[in-house]
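This is work22.cif (mmCIF, C-alpha atoms; chains and numbers go by the auth columns).
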data_target
#
loop_
_atom_site.group_PDB
_atom_site.id
_atom_site.type_symbol
_atom_site.label_atom_id
_atom_site.label_comp_id
_atom_site.label_asym_id
_atom_site.label_seq_id
_atom_site.Cartn_x
_atom_site.Cartn_y
_atom_site.Cartn_z
_atom_site.B_iso_or_equiv
_atom_site.auth_seq_id
_atom_site.auth_asym_id
ATOM 1 C CA MET A 1 16.665 11.927 -11.153 0.00 80 A
ATOM 2 C CA ARG A 2 13.827 12.572 -8.706 0.00 81 A
ATOM 3 C CA ILE A 3 14.088 10.858 -5.321 0.00 82 A
ATOM 4 C CA LEU A 4 11.068 10.479 -2.995 0.00 83 A
ATOM 5 C CA TYR A 5 11.107 9.354 0.635 0.00 84 A
ATOM 6 C CA PHE A 6 8.213 8.050 2.713 0.00 85 A
ATOM 7 C CA ALA A 7 7.403 7.288 6.370 0.00 86 A
ATOM 8 C CA TRP A 8 10.439 7.043 8.702 0.00 87 A
ATOM 9 C CA VAL A 9 12.843 7.136 5.770 0.00 88 A
ATOM 10 C CA ARG A 10 11.497 10.623 4.978 0.00 89 A
ATOM 11 C CA GLN A 11 11.764 11.670 8.627 0.00 90 A
ATOM 12 C CA ARG A 12 15.386 10.548 8.886 0.00 91 A
ATOM 13 C CA VAL A 13 16.492 12.077 5.575 0.00 92 A
ATOM 14 C CA GLY A 14 14.669 15.287 6.508 0.00 93 A
ATOM 15 C CA VAL A 15 13.038 15.987 3.127 0.00 94 A
ATOM 16 C CA ALA A 16 10.176 14.353 1.225 0.00 95 A
ATOM 17 C CA GLU A 17 11.886 14.636 -2.132 0.00 96 A
ATOM 18 C CA GLU A 18 15.009 15.885 -3.823 0.00 97 A
ATOM 19 C CA ALA A 19 16.526 16.104 -7.299 0.00 98 A
ATOM 20 C CA VAL A 20 19.942 14.467 -7.625 0.00 99 A
ATOM 21 C CA SER A 21 22.490 13.801 -10.361 0.00 100 A
ATOM 22 C CA PRO A 22 24.584 10.816 -9.285 0.00 101 A
ATOM 23 C CA PRO A 23 27.761 9.938 -11.207 0.00 102 A
ATOM 24 C CA GLU A 24 27.540 7.482 -14.107 0.00 103 A
ATOM 25 C CA ALA A 25 28.982 4.732 -11.919 0.00 104 A
ATOM 26 C CA VAL A 26 25.619 4.628 -10.084 0.00 105 A
ATOM 27 C CA ARG A 27 23.698 2.211 -12.274 0.00 106 A
ATOM 28 C CA ASP A 28 21.249 0.381 -10.023 0.00 107 A
ATOM 29 C CA VAL A 29 19.102 0.789 -6.900 0.00 108 A
ATOM 30 C CA ALA A 30 21.790 -0.649 -4.597 0.00 109 A
ATOM 31 C CA GLY A 31 24.405 1.715 -6.027 0.00 110 A
ATOM 32 C CA LEU A 32 22.046 4.648 -5.593 0.00 111 A
ATOM 33 C CA VAL A 33 21.427 3.704 -1.944 0.00 112 A
ATOM 34 C CA ALA A 34 25.176 3.644 -1.267 0.00 113 A
ATOM 35 C CA TRP A 35 25.643 7.009 -2.998 0.00 114 A
ATOM 36 C CA LEU A 36 22.660 8.656 -1.250 0.00 115 A
ATOM 37 C CA ALA A 37 23.786 7.359 2.164 0.00 116 A
ATOM 38 C CA ALA A 38 26.930 9.492 1.899 0.00 117 A
ATOM 39 C CA ARG A 39 25.037 12.749 1.277 0.00 118 A
ATOM 40 C CA SER A 40 24.293 13.675 4.919 0.00 119 A
ATOM 41 C CA PRO A 41 24.066 12.204 8.427 0.00 120 A
ATOM 42 C CA GLY A 42 20.282 12.026 7.937 0.00 121 A
ATOM 43 C CA HIS A 43 20.683 10.014 4.734 0.00 122 A
ATOM 44 C CA ALA A 44 23.224 7.766 6.464 0.00 123 A
ATOM 45 C CA SER A 45 20.759 7.134 9.295 0.00 124 A
ATOM 46 C CA ALA A 46 17.899 6.391 6.882 0.00 125 A
ATOM 47 C CA PHE A 47 19.952 3.909 4.854 0.00 126 A
ATOM 48 C CA ALA A 48 21.914 2.415 7.784 0.00 127 A
ATOM 49 C CA ASP A 49 20.146 -0.957 7.443 0.00 128 A
ATOM 50 C CA PRO A 50 19.383 -1.612 3.753 0.00 129 A
ATOM 51 C CA ARG A 51 17.309 -4.677 4.720 0.00 130 A
ATOM 52 C CA GLN A 52 14.716 -2.296 6.171 0.00 131 A
ATOM 53 C CA ILE A 53 14.471 -0.294 2.943 0.00 132 A
ATOM 54 C CA ARG A 54 12.182 -0.959 0.008 0.00 133 A
ATOM 55 C CA ALA A 55 12.356 0.872 -3.317 0.00 134 A
ATOM 56 C CA ALA A 56 10.230 1.731 -6.318 0.00 135 A
ATOM 57 C CA VAL A 57 11.464 2.839 -9.733 0.00 136 A
ATOM 58 C CA ASN A 58 8.928 4.847 -11.732 0.00 137 A
ATOM 59 C CA GLN A 59 6.184 3.754 -9.310 0.00 138 A
ATOM 60 C CA ASP A 60 6.826 0.005 -9.555 0.00 139 A
ATOM 61 C CA PHE A 61 8.415 -1.979 -6.708 0.00 140 A
ATOM 62 C CA ALA A 62 12.074 -2.565 -7.522 0.00 141 A
ATOM 63 C CA THR A 63 14.850 -4.918 -6.383 0.00 142 A
ATOM 64 C CA PRO A 64 18.386 -3.717 -5.472 0.00 143 A
ATOM 65 C CA ASP A 65 19.746 -4.840 -8.842 0.00 144 A
ATOM 66 C CA GLN A 66 17.188 -2.870 -10.851 0.00 145 A
ATOM 67 C CA ALA A 67 18.755 -0.318 -13.207 0.00 146 A
ATOM 68 C CA VAL A 68 18.290 3.404 -12.611 0.00 147 A
ATOM 69 C CA ALA A 69 18.745 6.213 -15.129 0.00 148 A
ATOM 70 C CA PRO A 70 18.526 10.005 -15.333 0.00 149 A
ATOM 71 C CA GLY A 71 14.884 11.059 -15.466 0.00 150 A
ATOM 72 C CA ASP A 72 13.674 8.182 -13.297 0.00 151 A
ATOM 73 C CA GLU A 73 11.426 8.725 -10.276 0.00 152 A
ATOM 74 C CA ILE A 74 12.860 6.586 -7.481 0.00 153 A
ATOM 75 C CA ALA A 75 11.258 6.167 -4.063 0.00 154 A
ATOM 76 C CA PHE A 76 12.618 4.712 -0.827 0.00 155 A
ATOM 77 C CA PHE A 77 10.432 3.619 2.062 0.00 156 A
ATOM 78 C CA PRO A 78 10.020 1.004 4.825 0.00 157 A
ATOM 79 C CA PRO A 79 8.114 -2.253 4.217 0.00 158 A
ATOM 80 C CA VAL A 80 4.471 -1.304 3.609 0.00 159 A
ATOM 81 C CA THR A 81 1.831 -1.513 6.373 0.00 160 A
ATOM 82 C CA GLY A 82 -1.523 -0.737 4.763 0.00 161 A
ATOM 83 C CA GLY A 83 -4.821 -2.606 4.985 0.00 162 A
ATOM 84 C CA MET B 1 -19.798 -5.442 -17.082 0.00 223 B
ATOM 85 C CA PRO B 2 -17.858 -2.653 -15.295 0.00 224 B
ATOM 86 C CA GLY B 3 -14.343 -3.476 -14.080 0.00 225 B
ATOM 87 C CA PRO B 4 -12.850 -2.932 -10.621 0.00 226 B
ATOM 88 C CA VAL B 5 -13.340 0.420 -8.862 0.00 227 B
ATOM 89 C CA VAL B 6 -10.372 1.625 -6.803 0.00 228 B
ATOM 90 C CA ARG B 7 -10.293 4.757 -4.651 0.00 229 B
ATOM 91 C CA VAL B 8 -7.779 6.301 -2.255 0.00 230 B
ATOM 92 C CA GLN B 9 -9.371 9.029 -0.143 0.00 231 B
ATOM 93 C CA GLU B 10 -9.271 10.919 3.155 0.00 232 B
ATOM 94 C CA ALA B 11 -13.055 10.855 3.504 0.00 233 B
ATOM 95 C CA GLY B 12 -14.913 8.028 5.193 0.00 234 B
ATOM 96 C CA PHE B 13 -17.043 5.506 3.326 0.00 235 B
ATOM 97 C CA ASP B 14 -20.349 3.795 3.926 0.00 236 B
ATOM 98 C CA LEU B 15 -20.454 0.024 3.495 0.00 237 B
ATOM 99 C CA ALA B 16 -24.182 -0.086 2.709 0.00 238 B
ATOM 100 C CA ALA B 17 -23.940 2.747 0.183 0.00 239 B
ATOM 101 C CA GLU B 18 -20.963 1.145 -1.585 0.00 240 B
ATOM 102 C CA ALA B 19 -22.694 -2.255 -1.654 0.00 241 B
ATOM 103 C CA ALA B 20 -25.838 -0.656 -3.084 0.00 242 B
ATOM 104 C CA ARG B 21 -23.797 1.188 -5.699 0.00 243 B
ATOM 105 C CA LEU B 22 -22.099 -2.040 -6.790 0.00 244 B
ATOM 106 C CA THR B 23 -25.313 -4.097 -7.047 0.00 245 B
ATOM 107 C CA GLU B 24 -27.713 -1.423 -8.340 0.00 246 B
ATOM 108 C CA GLY B 25 -29.662 -2.620 -11.390 0.00 247 B
ATOM 109 C CA ARG B 26 -27.751 -5.896 -11.518 0.00 248 B
ATOM 110 C CA THR B 27 -29.376 -9.335 -11.785 0.00 249 B
ATOM 111 C CA ASP B 28 -26.233 -11.379 -12.428 0.00 250 B
ATOM 112 C CA ILE B 29 -24.743 -11.146 -8.917 0.00 251 B
ATOM 113 C CA GLY B 30 -25.420 -14.132 -6.677 0.00 252 B
ATOM 114 C CA GLY B 31 -22.908 -13.384 -3.941 0.00 253 B
ATOM 115 C CA LEU B 32 -21.417 -10.182 -2.557 0.00 254 B
ATOM 116 C CA ALA B 33 -18.509 -10.491 -0.095 0.00 255 B
ATOM 117 C CA SER B 34 -17.221 -7.587 1.966 0.00 256 B
ATOM 118 C CA PHE B 35 -14.310 -6.810 4.249 0.00 257 B
ATOM 119 C CA VAL B 36 -14.018 -3.633 6.302 0.00 258 B
ATOM 120 C CA GLY B 37 -10.803 -2.925 8.210 0.00 259 B
ATOM 121 C CA LEU B 38 -11.287 -0.685 11.262 0.00 260 B
ATOM 122 C CA CYS B 39 -8.955 1.346 13.457 0.00 261 B
ATOM 123 C CA ARG B 40 -8.502 -0.469 16.819 0.00 262 B
ATOM 124 C CA ALA B 41 -7.666 1.307 20.085 0.00 263 B
ATOM 125 C CA ASP B 42 -4.713 -0.935 21.003 0.00 264 B
ATOM 126 C CA ASP B 43 -2.410 0.158 23.858 0.00 265 B
ATOM 127 C CA GLY B 44 -4.037 3.554 24.337 0.00 266 B
ATOM 128 C CA LEU B 45 -3.918 4.428 20.642 0.00 267 B
ATOM 129 C CA ALA B 46 -5.354 7.892 19.965 0.00 268 B
ATOM 130 C CA ALA B 47 -5.099 7.882 16.169 0.00 269 B
ATOM 131 C CA LEU B 48 -3.601 6.155 13.153 0.00 270 B
ATOM 132 C CA VAL B 49 -1.992 8.373 10.538 0.00 271 B
ATOM 133 C CA LEU B 50 -1.868 6.732 7.114 0.00 272 B
ATOM 134 C CA GLU B 51 0.694 7.960 4.615 0.00 273 B
ATOM 135 C CA HIS B 52 0.801 6.799 1.000 0.00 274 B
ATOM 136 C CA TYR B 53 2.647 7.302 -2.279 0.00 275 B
ATOM 137 C CA PRO B 54 0.226 9.280 -4.463 0.00 276 B
ATOM 138 C CA GLY B 55 0.154 7.856 -7.957 0.00 277 B
ATOM 139 C CA MET B 56 1.872 4.575 -7.152 0.00 278 B
ATOM 140 C CA THR B 57 -0.792 3.682 -4.581 0.00 279 B
ATOM 141 C CA GLU B 58 -3.601 3.938 -7.114 0.00 280 B
ATOM 142 C CA ARG B 59 -1.536 1.979 -9.665 0.00 281 B
ATOM 143 C CA ALA B 60 -0.749 -0.771 -7.159 0.00 282 B
ATOM 144 C CA LEU B 61 -4.379 -1.100 -6.020 0.00 283 B
ATOM 145 C CA ALA B 62 -5.615 -1.158 -9.613 0.00 284 B
ATOM 146 C CA ARG B 63 -3.078 -3.854 -10.446 0.00 285 B
ATOM 147 C CA ILE B 64 -4.083 -6.001 -7.449 0.00 286 B
ATOM 148 C CA ALA B 65 -7.785 -5.573 -8.272 0.00 287 B
ATOM 149 C CA GLN B 66 -7.099 -6.489 -11.910 0.00 288 B
ATOM 150 C CA GLU B 67 -5.239 -9.604 -10.725 0.00 289 B
ATOM 151 C CA ALA B 68 -8.305 -10.670 -8.697 0.00 290 B
ATOM 152 C CA TRP B 69 -10.545 -9.903 -11.674 0.00 291 B
ATOM 153 C CA GLY B 70 -8.439 -12.237 -13.809 0.00 292 B
ATOM 154 C CA ARG B 71 -8.235 -15.065 -11.271 0.00 293 B
ATOM 155 C CA TRP B 72 -11.899 -15.304 -10.244 0.00 294 B
ATOM 156 C CA PRO B 73 -15.114 -14.876 -12.268 0.00 295 B
ATOM 157 C CA LEU B 74 -15.967 -11.546 -10.610 0.00 296 B
ATOM 158 C CA THR B 75 -18.854 -9.397 -11.731 0.00 297 B
ATOM 159 C CA GLY B 76 -18.054 -6.475 -9.429 0.00 298 B
ATOM 160 C CA CYS B 77 -15.178 -5.241 -7.271 0.00 299 B
ATOM 161 C CA THR B 78 -14.669 -2.119 -5.144 0.00 300 B
ATOM 162 C CA VAL B 79 -11.532 -1.300 -3.163 0.00 301 B
ATOM 163 C CA ILE B 80 -11.427 1.878 -1.047 0.00 302 B
ATOM 164 C CA HIS B 81 -8.428 2.722 1.152 0.00 303 B
ATOM 165 C CA ARG B 82 -8.365 5.792 3.359 0.00 304 B
ATOM 166 C CA VAL B 83 -5.351 7.968 4.112 0.00 305 B
ATOM 167 C CA GLY B 84 -4.745 10.711 6.675 0.00 306 B
ATOM 168 C CA ARG B 85 -5.602 10.735 10.383 0.00 307 B
ATOM 169 C CA LEU B 86 -8.108 8.143 11.635 0.00 308 B
ATOM 170 C CA VAL B 87 -9.352 7.663 15.183 0.00 309 B
ATOM 171 C CA PRO B 88 -10.317 4.316 16.772 0.00 310 B
ATOM 172 C CA GLY B 89 -13.617 2.986 15.447 0.00 311 B
ATOM 173 C CA GLU B 90 -13.243 4.587 12.039 0.00 312 B
ATOM 174 C CA PRO B 91 -13.118 2.393 8.922 0.00 313 B
ATOM 175 C CA ILE B 92 -9.751 2.245 7.111 0.00 314 B
ATOM 176 C CA VAL B 93 -10.257 -0.051 4.141 0.00 315 B
ATOM 177 C CA LEU B 94 -13.156 -1.577 2.212 0.00 316 B
ATOM 178 C CA VAL B 95 -13.073 -4.542 -0.148 0.00 317 B
ATOM 179 C CA LEU B 96 -16.230 -5.629 -1.982 0.00 318 B
ATOM 180 C CA THR B 97 -16.294 -8.545 -4.406 0.00 319 B
ATOM 181 C CA ALA B 98 -19.289 -9.828 -6.342 0.00 320 B
ATOM 182 C CA SER B 99 -19.745 -12.987 -8.352 0.00 321 B
ATOM 183 C CA ALA B 100 -22.465 -15.348 -9.519 0.00 322 B
ATOM 184 C CA HIS B 101 -21.585 -17.700 -6.650 0.00 323 B
ATOM 185 C CA ARG B 102 -20.181 -17.292 -3.151 0.00 324 B
ATOM 186 C CA ALA B 103 -16.860 -19.122 -3.415 0.00 325 B
ATOM 187 C CA ALA B 104 -15.340 -16.724 -5.950 0.00 326 B
ATOM 188 C CA ALA B 105 -16.593 -13.670 -4.067 0.00 327 B
ATOM 189 C CA LEU B 106 -15.268 -14.882 -0.690 0.00 328 B
ATOM 190 C CA ASP B 107 -11.900 -16.074 -2.021 0.00 329 B
ATOM 191 C CA ALA B 108 -11.294 -12.935 -4.080 0.00 330 B
ATOM 192 C CA CYS B 109 -12.181 -10.742 -1.089 0.00 331 B
ATOM 193 C CA ALA B 110 -9.647 -12.567 1.133 0.00 332 B
ATOM 194 C CA PHE B 111 -7.022 -12.400 -1.622 0.00 333 B
ATOM 195 C CA LEU B 112 -7.496 -8.652 -2.060 0.00 334 B
ATOM 196 C CA ILE B 113 -7.145 -7.743 1.604 0.00 335 B
ATOM 197 C CA ASP B 114 -4.143 -10.062 2.029 0.00 336 B
ATOM 198 C CA TRP B 115 -2.422 -8.654 -1.027 0.00 337 B
ATOM 199 C CA LEU B 116 -3.087 -5.008 -0.467 0.00 338 B
ATOM 200 C CA LYS B 117 -1.549 -5.301 3.005 0.00 339 B
ATOM 201 C CA THR B 118 1.777 -6.343 1.494 0.00 340 B
ATOM 202 C CA SER B 119 1.713 -4.892 -2.040 0.00 341 B
ATOM 203 C CA ALA B 120 0.332 -1.355 -1.834 0.00 342 B
ATOM 204 C CA PRO B 121 2.456 1.594 -0.642 0.00 343 B
ATOM 205 C CA PHE B 122 0.745 2.668 2.589 0.00 344 B
ATOM 206 C CA TRP B 123 2.438 3.271 5.931 0.00 345 B
ATOM 207 C CA LYS B 124 0.722 3.533 9.337 0.00 346 B
ATOM 208 C CA ARG B 125 1.967 5.683 12.189 0.00 347 B
ATOM 209 C CA GLU B 126 0.379 5.212 15.620 0.00 348 B
ATOM 210 C CA GLU B 127 -0.251 8.262 17.794 0.00 349 B
ATOM 211 C CA PHE B 128 -0.853 7.753 21.514 0.00 350 B
ATOM 212 C CA ALA B 129 -2.710 9.839 24.077 0.00 351 B
ATOM 213 C CA ASP B 130 0.581 10.760 25.835 0.00 352 B
ATOM 214 C CA GLY B 131 1.928 12.333 22.646 0.00 353 B
ATOM 215 C CA ALA B 132 4.238 9.456 21.703 0.00 354 B
ATOM 216 C CA SER B 133 4.135 8.081 18.181 0.00 355 B
ATOM 217 C CA ARG B 134 5.673 5.153 16.317 0.00 356 B
ATOM 218 C CA TRP B 135 5.628 3.667 12.834 0.00 357 B
ATOM 219 C CA VAL B 136 3.900 0.311 12.557 0.00 358 B
ATOM 220 C CA ALA B 137 6.353 -2.452 11.607 0.00 359 B
ATOM 221 C CA ALA B 138 5.487 -4.861 8.806 0.00 360 B
ATOM 222 C CA LYS B 139 4.349 -8.256 10.092 0.00 361 B
ATOM 223 C CA ALA B 140 5.739 -11.596 8.944 0.00 362 B
ATOM 224 C CA GLU B 141 2.257 -13.117 9.225 0.00 363 B
ATOM 225 C CA ASP B 142 0.970 -10.616 6.651 0.00 364 B
ATOM 226 C CA ASP B 143 3.631 -11.842 4.220 0.00 365 B
ATOM 227 C CA ALA B 144 2.597 -15.428 4.970 0.00 366 B
ATOM 228 C CA ALA B 145 -1.079 -14.570 4.411 0.00 367 B
ATOM 229 C CA ALA B 146 -0.262 -13.000 1.046 0.00 368 B
ATOM 230 C CA ALA B 147 2.037 -15.883 0.079 0.00 369 B
ATOM 231 C CA ARG B 148 -0.780 -18.431 0.359 0.00 370 B
ATOM 232 C CA TRP B 149 -2.272 -16.879 -2.794 0.00 371 B
ATOM 233 C CA ALA B 150 0.901 -17.410 -4.843 0.00 372 B
ATOM 234 C CA LYS B 151 0.065 -19.233 -8.029 0.00 373 B
ATOM 235 C CA PRO B 152 1.327 -22.811 -8.246 0.00 374 B
ATOM 236 C CA ALA B 153 4.340 -23.101 -10.534 0.00 375 B
#
Can you dump the structure from the file as structure tokens?
Amino acid sequence: MRILYFAWVRQRVGVAEEAVSPPEAVRDVAGLVAWLAARSPGHASAFADPRQIRAAVNQDFATPDQAVAPGDEIAFFPPVTGG
Amino acid sequence: MPGPVVRVQEAGFDLAAEAARLTEGRTDIGGLASFVGLCRADDGLAALVLEHYPGMTERALARIAQEAWGRWPLTGCTVIHRVGRLVPGEPIVLVLTASAHRAAALDACAFLIDWLKTSAPFWKREEFADGASRWVAAKAEDDAAAARWAKPA
């Protein structure tokens, strides 16, 4: 599973991307957030307020209950501010 | 009739050149609407740094442009969004919409800029002359502006 981070989420985690293999119990975006948050103090800081985090699964915006699977590209980032 | 053109680029763009490119050789366009977003020098801003999600950004913009193409009788559409470091006065985003008549062009142009603000993965960081920097927070009024285009149930 490939994880990408953008904007201040990337700064807090400390890397732009990483490859992870979460346990089978991690089945959706919310479960992945909880599992990632325990990986390091930087991850914990990035995911401290899940309401500030948005996600995409395979480059489509995703909700917390969206399923995740090995091989997926999953991104975490703040609410977007383009335009 | 060509479909929407979407570009994400570091380089600048020229409104007149893009308008000419869209209308060249065409006799079916009665109205061309444009929106250009520019970098403002608020609060001593020295630069805006725009980050994006390569791949997803292009997909999201193409999807939004296709949505506009389906909702209004457009005969041309160009969306260009810049990334990287931009200084005050520089253009950030361009939306061009063409149609036989003005209403579709104007409405589709407003829809596109409202939607791309809330539905495309870009993030702005402000850099100030004193060296400080901060990420721009999403605005509730941008969500409200996008929501006004929600289709009736």
Hey, list the chain A side of the contact with chain B: 10 Å cut-off, only C-alpha atoms, answer as a list in words.
Leu83, Tyr84, Phe85, Ala86, Trp87, Gln131, Ala135, Asn137, Gln138, Asp139, Phe140, Ala154, Phe156, Pro157, Pro158, Val159, Thr160, Gly161 and Gly162 of chain A
Which residues would end up in the selection if the PyMOL selection byres ((chain B and resi 227) around 10) were applied here, given that I need the answer as a PDB file with C-alpha atoms, keeping the file's coordinate frame?
ATOM      1  CA  PRO B 224     -17.858  -2.653 -15.295  1.00  0.00           C
ATOM      2  CA  GLY B 225     -14.343  -3.476 -14.080  1.00  0.00           C
ATOM      3  CA  PRO B 226     -12.850  -2.932 -10.621  1.00  0.00           C
ATOM      4  CA  VAL B 228     -10.372   1.625  -6.803  1.00  0.00           C
ATOM      5  CA  ARG B 229     -10.293   4.757  -4.651  1.00  0.00           C
ATOM      6  CA  LEU B 244     -22.099  -2.040  -6.790  1.00  0.00           C
ATOM      7  CA  LEU B 283      -4.379  -1.100  -6.020  1.00  0.00           C
ATOM      8  CA  ALA B 284      -5.615  -1.158  -9.613  1.00  0.00           C
ATOM      9  CA  ALA B 287      -7.785  -5.573  -8.272  1.00  0.00           C
ATOM     10  CA  GLN B 288      -7.099  -6.489 -11.910  1.00  0.00           C
ATOM     11  CA  GLY B 298     -18.054  -6.475  -9.429  1.00  0.00           C
ATOM     12  CA  CYS B 299     -15.178  -5.241  -7.271  1.00  0.00           C
ATOM     13  CA  THR B 300     -14.669  -2.119  -5.144  1.00  0.00           C
ATOM     14  CA  VAL B 301     -11.532  -1.300  -3.163  1.00  0.00           C
ATOM     15  CA  ILE B 302     -11.427   1.878  -1.047  1.00  0.00           C
ATOM     16  CA  LEU B 318     -16.230  -5.629  -1.982  1.00  0.00           C
TER      17      LEU B 318
END
Which residue of B:Ala322, B:Ala354, B:Val309, B:Ala327 approaches Cys261 of chain B most closely, using all atoms listed in the file:
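With all atoms listed in the file as the atom set, the closest residue is B:Val309.
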When you draw a straight line from atom CA of His323 of chain B to atom CA of Thr249 of chain B, how long is it in Å?
12.5 Å
Using all atoms listed in the file, list the residues that have an atom at most 6 Å from (-6.5, 6.7, 14.4), coordinates as in the file, as a count of residues only.
8
The PyMOL selection byres ((chain B and resi 237) around 9) on the file shown: which residues, as a ChimeraX atom specification?
/B:235-236,238-242,256,258,316,318
With 3 Å added on each side, what axis-aligned box encloses every listed atom of segment 223-229 of chain B? Give the centre and edge lengths in Å to one decimal, as lines of an AutoDock Vina configuration file.
center_x = -15.0
center_y = -0.3
center_z = -10.9
size_x = 15.5
size_y = 16.2
size_z = 18.4
Here atom CA of Ala104 of chain A and atom CA of Thr142 of chain A stand apart by 18.0 Å
Applying the PyMOL selection byres ((chain B and resi 294) around 8) to the file I just gave you, which residues come out? Please list them as a list of chain:residue names.
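That selection, the PyMOL selection byres ((chain B and resi 294) around 8), comes back as B:Ala290, B:Trp291, B:Gly292, B:Arg293, B:Pro295, B:Leu296, B:Ala326, B:Ala327, B:Ala330.
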Write out as a ChimeraX atom specification which residues come within 8 Å of Arg81 of chain A when counting all atoms listed in the file, dropping same-chain ones fewer than 2 positions away.
/A:83,96-99,150-153
In Å, how far is it from atom CA of Arg130 of chain A to atom CA of Pro143 of chain A?
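So the two atoms, atom CA of Arg130 of chain A and atom CA of Pro143 of chain A, lie 10.3 Å apart.
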From B:Glu348, B:Glu312, B:Glu289, B:Glu280, residue lying nearest Phe333 of chain B [only C-alpha atoms]
B:Glu289
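Of the listed residues A:Ala141, A:Ile82, A:Val105, A:Val112, the one whose atoms come nearest to Asp128 of chain A is A:Val112, with distances taken using all atoms listed in the file.
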Between A:Met80, A:Val88, A:Val147, A:Leu115, which residue has the minimum interatomic distance to Ser100 of chain A, considering only C-alpha atoms?
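Between A:Met80, A:Val88, A:Val147, A:Leu115, the residue approaching Ser100 of chain A most closely is A:Met80.
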Using only C-alpha atoms, find the one residue out of B:Asp265, B:Gly234, B:Pro313, B:Leu328 that sits nearest to Gly253 of chain B.
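That would be B:Leu328, the residue with the smallest distance to Gly253 of chain B.
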